[in-house]
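K.L.:
Encoded as structure tokens, here's the structure I'll be asking about.
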Amino acid sequence: MLASTLIAFVMGATAAMAGPVNTTFTPRVCGTSISEEKLIAAEKHFAQHKVEASASLVPLDATVSVYFHVISKDSTAAGGSLSDALIQGQIDALNDGYSGSGLSFTLVNTSRTVSSDWFSNVGPDSSQQTAMKKSLRKGGAAALNLYSTGFASSANNGLLGYSTFPSDYSGAPTDDGVVFLFSTVPGGSETNYNEGKTVTHEVGHWVGLYHTFQGGCSGSGDQVADTPAEASAASGCPVGRDTCSSAGVDPIHNYMDYSYDSCMSEFTAGQIARFKSQLATYRGISI
């Protein structure tokens, strides 16, 4: 996977609280390397090829087929072997996050692979992730492939997930999908990050959204008008945080920020409109 198209992040901490950020919290750390120059080029291409979302007066719904690939080092829960109940819980959490957008997700197949190498070493740009996706990926541009793994090697220390963008598909279809830490599913063992919102966030990139803090207080931003500018990623749930002089406090409750799972609760109308057009343009999904 090209570094410019990777999104990765690390999370840490607890329930919503008012006041300033507690600097002892472990923040999410993003691994994307998309530059303003590359973002501008991507948005130029989108503008030139954009397919508008449905303007029908009758709301349309679209269901995305999900192929869930469990990568474990052994057959134990601690080794990454997710139960069917945990997998369905993640699908339910994903649907909860996108509720009201017209987009839903249904599990159509689960594969299970025991590989200590993949479990530990799959990560952005790794040969293991290339081999894993080449071996396991199913479906076309409209199919969501989720890969749960361990990120156990020192090179992946702290990594919770990464994704591709819709516009990446045509150039590298086998690479398409979301890779995430298995213990972040609802009921998982990742303290403070076990509500399934890691996948909700990463699927946000898969449907075409940038981080809310993309570009900081200046630059191109996240291409969405109703997400206030944000100088940097939020950590924890700092209610009232306001890092840019432009209108609006930081969107700390947005799924595309880096707040705690317990703090994340929303996509904006602008984000939904954007991802509908991204899906129609690059994935052939009409909503």
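Ordering of the structure tokens sets the chain letters (A, B, ...); residue numbers start at 1 within each chain; ligands are numbered from 1 in the order shown.
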Counting only C-alpha atoms, which residues in region 167-209 of chain A sit no more than 8 Å from region 138-144 of chain A? For each one, give the nearest pair of atoms and the distance in Å, sorted by chain then residue number, as a Markdown table.

P.N.:
| residue | atom | partner | partner_atom | distance |
| --- | --- | --- | --- | --- |
| A:Tyr169 | CA | A:Ala141 | CA | 6.6 |
| A:Pro173 | CA | A:Ala141 | CA | 7.3 |
| A:Asp176 | CA | A:Ala141 | CA | 7.9 |
| A:Gly177 | CA | A:Leu144 | CA | 6.0 |
| A:Val178 | CA | A:Leu144 | CA | 7.7 |

K.L.:
Produce a file of the selected residues containing C-alpha atoms, as a PDB file, in the first residue's frame.

P.N.:
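And here's selection.pdb as it stands now:
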ATOM      1  CA  TYR A 169      -9.381   1.245  -5.693  1.00  0.00           C
ATOM      2  CA  PRO A 173      -7.962  -3.137  -6.099  1.00  0.00           C
ATOM      3  CA  ASP A 176      -8.665  -2.121  -0.803  1.00  0.00           C
ATOM      4  CA  GLY A 177     -10.059  -2.509   2.707  1.00  0.00           C
ATOM      5  CA  VAL A 178      -9.686  -1.871   6.427  1.00  0.00           C
TER       6      VAL A 178
END

K.L.:
With region 123-137 of chain A as the partner and 8 Å as the cut-off, tabulate the residues of region 159-251 of chain A that qualify, each row holding the nearest pair of atoms and their distance in Å to one decimal, using only C-alpha atoms, sorted by chain and rising number, as a Markdown table.

P.N.:
| residue | atom | partner | partner_atom | distance |
| --- | --- | --- | --- | --- |
| A:Tyr162 | CA | A:Pro124 | CA | 7.5 |
| A:Thr174 | CA | A:Lys134 | CA | 6.0 |
| A:Asp175 | CA | A:Lys133 | CA | 6.3 |

K.L.:
Which of region 5-220 of chain A end up as helix (DSSP H, G or I) when DSSP is run on this backbone - answer as an MDAnalysis selection string?

P.N.:
chainID A and resid 5 36:49 84:97 116:121 127:136 154:156 166:168 173:175 182:184 197:206

K.L.:
Under the rule of at most 12 Å, produce a per-residue listing of region 155-214 of chain A near region 68-78 of chain A: chain, number, name, the closest pair of atoms, and the distance in Å, as JSON lines, using only C-alpha atoms.

P.N.:
{"residue": "A:Gly177", "atom": "CA", "partner": "A:Phe68", "partner_atom": "CA", "distance": 10.3}
{"residue": "A:Val178", "atom": "CA", "partner": "A:Phe68", "partner_atom": "CA", "distance": 9.9}
{"residue": "A:Val179", "atom": "CA", "partner": "A:His69", "partner_atom": "CA", "distance": 9.3}
{"residue": "A:Phe180", "atom": "CA", "partner": "A:Val70", "partner_atom": "CA", "distance": 10.2}
{"residue": "A:Leu181", "atom": "CA", "partner": "A:Ile71", "partner_atom": "CA", "distance": 10.0}
{"residue": "A:Phe182", "atom": "CA", "partner": "A:Val70", "partner_atom": "CA", "distance": 8.1}
{"residue": "A:Ser183", "atom": "CA", "partner": "A:Ala78", "partner_atom": "CA", "distance": 8.6}
{"residue": "A:Val185", "atom": "CA", "partner": "A:Val70", "partner_atom": "CA", "distance": 11.9}
{"residue": "A:Gly187", "atom": "CA", "partner": "A:Ala77", "partner_atom": "CA", "distance": 11.6}
{"residue": "A:Gly188", "atom": "CA", "partner": "A:Ala77", "partner_atom": "CA", "distance": 9.4}
{"residue": "A:Ser189", "atom": "CA", "partner": "A:Ala78", "partner_atom": "CA", "distance": 8.6}
{"residue": "A:Glu190", "atom": "CA", "partner": "A:Ala78", "partner_atom": "CA", "distance": 11.1}
{"residue": "A:Val199", "atom": "CA", "partner": "A:Phe68", "partner_atom": "CA", "distance": 11.7}

K.L.:
Please indicate the distance in Å from CA of Phe213 (chain A) to CA of Ala229 (chain A), rounded to one decimal place.

P.N.:
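Taking CA of Phe213 (chain A) and CA of Ala229 (chain A), their separation equals 6.5 Å.
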
K.L.:
Env of region 94-98 of chain A: 12 Å cut, atoms = only C-alpha atoms, seq-sep filter 4 positions within chain, self excluded. Answer as a VMD selection string.

P.N.:
chain A and resid 61 to 64 66 87 to 90 102 to 107 144 146 185 to 186 195 to 204 207 253 to 256 261 264 to 269 271 to 272 275 to 276

K.L.:
In terms of the shortest atom-to-atom distance over only C-alpha atoms, which of A:Ser115, A:Asn194, A:Thr149, A:Ser232 is closest to Ala93 (chain A)?

P.N.:
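So, comparing all the options, the nearest one is A:Asn194.
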
K.L.:
Counting only C-alpha atoms, which residue out of A:Gln48, A:Gln278, A:Ser170, A:Ser262 sits closest to Leu209 (chain A)?

P.N.:
A:Gln278

K.L.:
Do you have the CA of Tyr260 (chain A)-CA of Phe165 (chain A) distance handy?

P.N.:
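Taking CA of Tyr260 (chain A) and CA of Phe165 (chain A), their separation equals 23.0 Å.
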